[in-house]
Amino acid sequence: MKDRLTLLLCANASGDCKIKLLLVYHSENPRPFKKNGVQKSKLSVVWRANKKAWTTRQFFMEWFEEVFAPAVKTYLIEKNLPLKALLLMDNPPAHSPGVEEELGKGYKFIAVMVLPPNTTPLIQPMDQNVIIASFKKLYTKALFERCFEVTSETEITLREFWKNHFSILHCLRLIDKAWGQVSVRSLLCLEKFVAKDFEGFEPSVQESAVVEDIVSLGRAIGIEVDSDDVEELVQAHSEDLTTDELRQLHQEQLQEATEELSSGEEEGNSKERVSTAEIKKYLRQWTELGNFLESGFTGITPGDELPDGDSSSDE
């Protein structure tokens, strides 16, 4: 499977509020969407797309403004809590310098803290083998269950399963199922992060059972797998971006900024047009930002990827 997608996960430390996921895919309208008349506005995730399936600054800002901020505000009001929230974020390229100030401008009740580069796996609660690892294992279990259901007592091979019986639509269902199964107990582990005697998170009995189920299901469908293989799979998509990948991501963000400025010029004859000189100035600033990213932000990840197996989707 070479097909990939990126997910942005977010939840609160109390364990009772999971924010709608942001999903970035490489196709805006995959064939299964067209074939089944899927309305992206009704999906259980916020759907975005670019060629690399990477989370860009624009995608992140849209998710923050359209999903995160309203959801947090509603949660605080319903719980009769003070209108105050702290958003802890890792440090991928999408969170470029100054993002804290920019996010805080329109939402005074939300404080934003971006963790230092190269420290995310050590101090970010989401990365401390709690939420992300739990989600990935639950997703893998659901994926193997789906594979077993389709191939059991049939002549369908694993290759045929991936090619003809698993698409981005099935992937979305499994994502929804796995995110729904991430337990309150797992989320409550986030509270340990602020404890003075915090020394890391230990796998729970429930998580160990999930791993055993994955191993059992894997063998049932003809895959020789053990618990170490499962742990390796969970960590398989955590590689750092290379300098070339950072440069590519920067170019995509630059293109988005250019398109946004261009569309601003066309919004109406009555509105003041953005001059060519202004556009050049903005593009120069983006270039400077790109140079900064390449020199100061190496060794960071853009998000967490999952295999979805949809080899038939188009751009």
# chains A, B, ... in the order shown; residues from 1 in each chain; ligands from 1
$ residues_around --residues "A:Ile175" --least-positions-apart "4" --cutoff "7 Å" --atoms "only C-alpha atoms" --output "JSON, numbers by chain"
{"A": [139, 171, 179]}
$ closest_residue --among "A:Leu5, A:Glu155, A:Val67, A:Gln181" --to "A:Trp54" --atoms "only C-alpha atoms"
A:Leu5
$ residues_around --residues "A:Asp229" --least-positions-apart "6" --cutoff "12 Å" --atoms "only C-alpha atoms" --output "PDB file with all heavy atoms, in the first residue's frame"
ATOM      1  N   LYS A 137      -3.586   1.760  16.861  1.00  0.00           N
ATOM      2  CA  LYS A 137      -3.799   0.336  17.131  1.00  0.00           C
ATOM      3  C   LYS A 137      -5.265  -0.037  16.913  1.00  0.00           C
ATOM      4  O   LYS A 137      -5.573  -1.093  16.358  1.00  0.00           O
ATOM      5  CB  LYS A 137      -3.354   0.004  18.551  1.00  0.00           C
ATOM      6  CG  LYS A 137      -1.840   0.041  18.716  1.00  0.00           C
ATOM      7  CD  LYS A 137      -1.412  -0.093  20.161  1.00  0.00           C
ATOM      8  CE  LYS A 137       0.109   0.019  20.296  1.00  0.00           C
ATOM      9  NZ  LYS A 137       0.560  -0.017  21.705  1.00  0.00           N
ATOM     10  N   THR A 140      -5.805  -0.169  13.210  1.00  0.00           N
ATOM     11  CA  THR A 140      -5.230  -1.375  12.633  1.00  0.00           C
ATOM     12  C   THR A 140      -6.092  -2.600  12.932  1.00  0.00           C
ATOM     13  O   THR A 140      -6.306  -3.457  12.063  1.00  0.00           O
ATOM     14  CB  THR A 140      -3.800  -1.605  13.169  1.00  0.00           C
ATOM     15  OG1 THR A 140      -2.999  -0.457  12.864  1.00  0.00           O
ATOM     16  CG2 THR A 140      -3.174  -2.834  12.543  1.00  0.00           C
ATOM     17  N   VAL A 211      -3.619  -5.131  21.027  1.00  0.00           N
ATOM     18  CA  VAL A 211      -2.448  -5.666  20.332  1.00  0.00           C
ATOM     19  C   VAL A 211      -2.597  -7.170  20.121  1.00  0.00           C
ATOM     20  O   VAL A 211      -2.311  -7.693  19.037  1.00  0.00           O
ATOM     21  CB  VAL A 211      -1.149  -5.357  21.114  1.00  0.00           C
ATOM     22  CG1 VAL A 211       0.044  -6.079  20.471  1.00  0.00           C
ATOM     23  CG2 VAL A 211      -0.892  -3.853  21.157  1.00  0.00           C
ATOM     24  N   GLU A 212      -3.069  -7.872  21.142  1.00  0.00           N
ATOM     25  CA  GLU A 212      -3.280  -9.323  21.019  1.00  0.00           C
ATOM     26  C   GLU A 212      -4.318  -9.627  19.942  1.00  0.00           C
ATOM     27  O   GLU A 212      -4.166 -10.589  19.183  1.00  0.00           O
ATOM     28  CB  GLU A 212      -3.732  -9.892  22.366  1.00  0.00           C
ATOM     29  CG  GLU A 212      -2.646  -9.864  23.446  1.00  0.00           C
ATOM     30  CD  GLU A 212      -3.160 -10.343  24.792  1.00  0.00           C
ATOM     31  OE1 GLU A 212      -4.335 -10.770  24.858  1.00  0.00           O
ATOM     32  OE2 GLU A 212      -2.386 -10.304  25.772  1.00  0.00           O
ATOM     33  N   ILE A 214      -4.941  -7.777  17.306  1.00  0.00           N
ATOM     34  CA  ILE A 214      -4.313  -7.509  16.012  1.00  0.00           C
ATOM     35  C   ILE A 214      -3.458  -8.692  15.582  1.00  0.00           C
ATOM     36  O   ILE A 214      -3.507  -9.133  14.425  1.00  0.00           O
ATOM     37  CB  ILE A 214      -3.452  -6.223  16.082  1.00  0.00           C
ATOM     38  CG1 ILE A 214      -4.347  -4.987  16.287  1.00  0.00           C
ATOM     39  CG2 ILE A 214      -2.622  -6.061  14.810  1.00  0.00           C
ATOM     40  CD1 ILE A 214      -3.572  -3.713  16.538  1.00  0.00           C
ATOM     41  N   VAL A 215      -2.676  -9.228  16.514  1.00  0.00           N
ATOM     42  CA  VAL A 215      -1.819 -10.378  16.214  1.00  0.00           C
ATOM     43  C   VAL A 215      -2.663 -11.576  15.789  1.00  0.00           C
ATOM     44  O   VAL A 215      -2.361 -12.258  14.799  1.00  0.00           O
ATOM     45  CB  VAL A 215      -0.947 -10.737  17.434  1.00  0.00           C
ATOM     46  CG1 VAL A 215      -0.210 -12.046  17.196  1.00  0.00           C
ATOM     47  CG2 VAL A 215       0.048  -9.611  17.728  1.00  0.00           C
ATOM     48  N   GLY A 218      -4.267 -10.874  12.395  1.00  0.00           N
ATOM     49  CA  GLY A 218      -3.252 -10.906  11.358  1.00  0.00           C
ATOM     50  C   GLY A 218      -2.927 -12.328  10.935  1.00  0.00           C
ATOM     51  O   GLY A 218      -2.845 -12.639   9.733  1.00  0.00           O
ATOM     52  N   ILE A 223      -1.080 -13.275   7.772  1.00  0.00           N
ATOM     53  CA  ILE A 223       0.049 -12.374   7.987  1.00  0.00           C
ATOM     54  C   ILE A 223       0.770 -12.777   9.259  1.00  0.00           C
ATOM     55  O   ILE A 223       0.167 -12.819  10.337  1.00  0.00           O
ATOM     56  CB  ILE A 223      -0.421 -10.902   8.111  1.00  0.00           C
ATOM     57  CG1 ILE A 223      -1.131 -10.463   6.834  1.00  0.00           C
ATOM     58  CG2 ILE A 223       0.762  -9.986   8.399  1.00  0.00           C
ATOM     59  CD1 ILE A 223      -1.710  -9.062   6.919  1.00  0.00           C
ATOM     60  N   GLN A 235       4.795   3.132  14.906  1.00  0.00           N
ATOM     61  CA  GLN A 235       5.842   4.147  14.793  1.00  0.00           C
ATOM     62  C   GLN A 235       6.295   4.387  13.355  1.00  0.00           C
ATOM     63  O   GLN A 235       7.100   5.283  13.108  1.00  0.00           O
ATOM     64  CB  GLN A 235       7.060   3.728  15.625  1.00  0.00           C
ATOM     65  CG  GLN A 235       6.783   3.579  17.105  1.00  0.00           C
ATOM     66  CD  GLN A 235       6.324   4.868  17.761  1.00  0.00           C
ATOM     67  OE1 GLN A 235       6.757   5.950  17.370  1.00  0.00           O
ATOM     68  NE2 GLN A 235       5.441   4.760  18.737  1.00  0.00           N
ATOM     69  N   ALA A 236       5.746   3.646  12.411  1.00  0.00           N
ATOM     70  CA  ALA A 236       6.279   3.643  11.051  1.00  0.00           C
ATOM     71  C   ALA A 236       6.091   4.960  10.312  1.00  0.00           C
ATOM     72  O   ALA A 236       6.780   5.225   9.339  1.00  0.00           O
ATOM     73  CB  ALA A 236       5.641   2.513  10.243  1.00  0.00           C
TER      74      ALA A 236
END
$ select_by_dssp --residues "stretch 22-84 of chain A" --states "helix (DSSP H, G or I)" --output "ChimeraX atom specification"
/A:31-36,40-42,57-78
$ closest_residue --among "A:Arg219, A:Lys108, A:Arg4, A:Lys73" --to "A:Phe144" --atoms "only C-alpha atoms"
A:Arg219
$ atom_distance --atom1 "atom CA of A:Pro32" --atom2 "atom CA of A:Thr55"
22.3 Å
$ closest_residue --among "A:Ile77, A:Ile168, A:Leu143, A:Ala13" --to "A:Lys35" --atoms "only C-alpha atoms"
A:Ile168
$ select_by_dssp --residues "stretch 6-183 of chain A" --states "strand (DSSP E or B)" --output "ChimeraX atom specification"
/A:6-8,11,18,21-25,45-49,85-89,110-114
$ atom_distance --atom1 "atom CA of A:Arg48" --atom2 "atom CA of A:Tyr25"
6.4 Å
$ residues_around --residues "A:Leu9" --least-positions-apart "5" --cutoff "8 Å" --atoms "only C-alpha atoms" --output "compact mmCIF listing (two decimals) with all heavy atoms, in the first residue's frame"
# COMPACT_ATOMS: atom_id res chain seq x y z
N ILE A 19 -12.18 16.60 19.50
CA ILE A 19 -12.48 17.55 18.43
C ILE A 19 -12.54 16.82 17.09
O ILE A 19 -11.81 15.85 16.85
CB ILE A 19 -11.41 18.66 18.39
CG1 ILE A 19 -11.24 19.30 19.76
CG2 ILE A 19 -11.77 19.72 17.35
CD1 ILE A 19 -12.47 19.98 20.29
N LYS A 20 -13.41 17.30 16.21
CA LYS A 20 -13.52 16.73 14.86
C LYS A 20 -12.16 16.73 14.18
O LYS A 20 -11.46 17.74 14.16
CB LYS A 20 -14.54 17.54 14.04
CG LYS A 20 -14.89 16.92 12.69
CD LYS A 20 -16.00 17.73 12.02
CE LYS A 20 -16.45 17.09 10.71
NZ LYS A 20 -17.56 17.86 10.07
N LEU A 21 -11.81 15.59 13.59
CA LEU A 21 -10.49 15.42 13.00
C LEU A 21 -10.34 16.20 11.69
O LEU A 21 -11.30 16.36 10.94
CB LEU A 21 -10.22 13.94 12.72
CG LEU A 21 -10.34 12.98 13.90
CD1 LEU A 21 -10.08 11.55 13.43
CD2 LEU A 21 -9.39 13.36 15.00
N LEU A 22 -9.12 16.65 11.43
CA LEU A 22 -8.76 17.20 10.13
C LEU A 22 -8.06 16.10 9.34
O LEU A 22 -7.10 15.50 9.83
CB LEU A 22 -7.82 18.40 10.29
CG LEU A 22 -7.14 18.91 9.01
CD1 LEU A 22 -8.17 19.46 8.03
CD2 LEU A 22 -6.10 19.98 9.34
N ILE A 132 -2.35 8.98 20.16
CA ILE A 132 -2.00 8.63 18.79
C ILE A 132 -1.76 7.13 18.67
O ILE A 132 -2.27 6.48 17.76
CB ILE A 132 -0.78 9.43 18.32
CG1 ILE A 132 -1.14 10.92 18.19
CG2 ILE A 132 -0.26 8.90 16.99
CD1 ILE A 132 0.02 11.81 17.82
$ atom_distance --atom1 "atom CA of A:Cys147" --atom2 "atom CA of A:Ile221"
7.3 Å
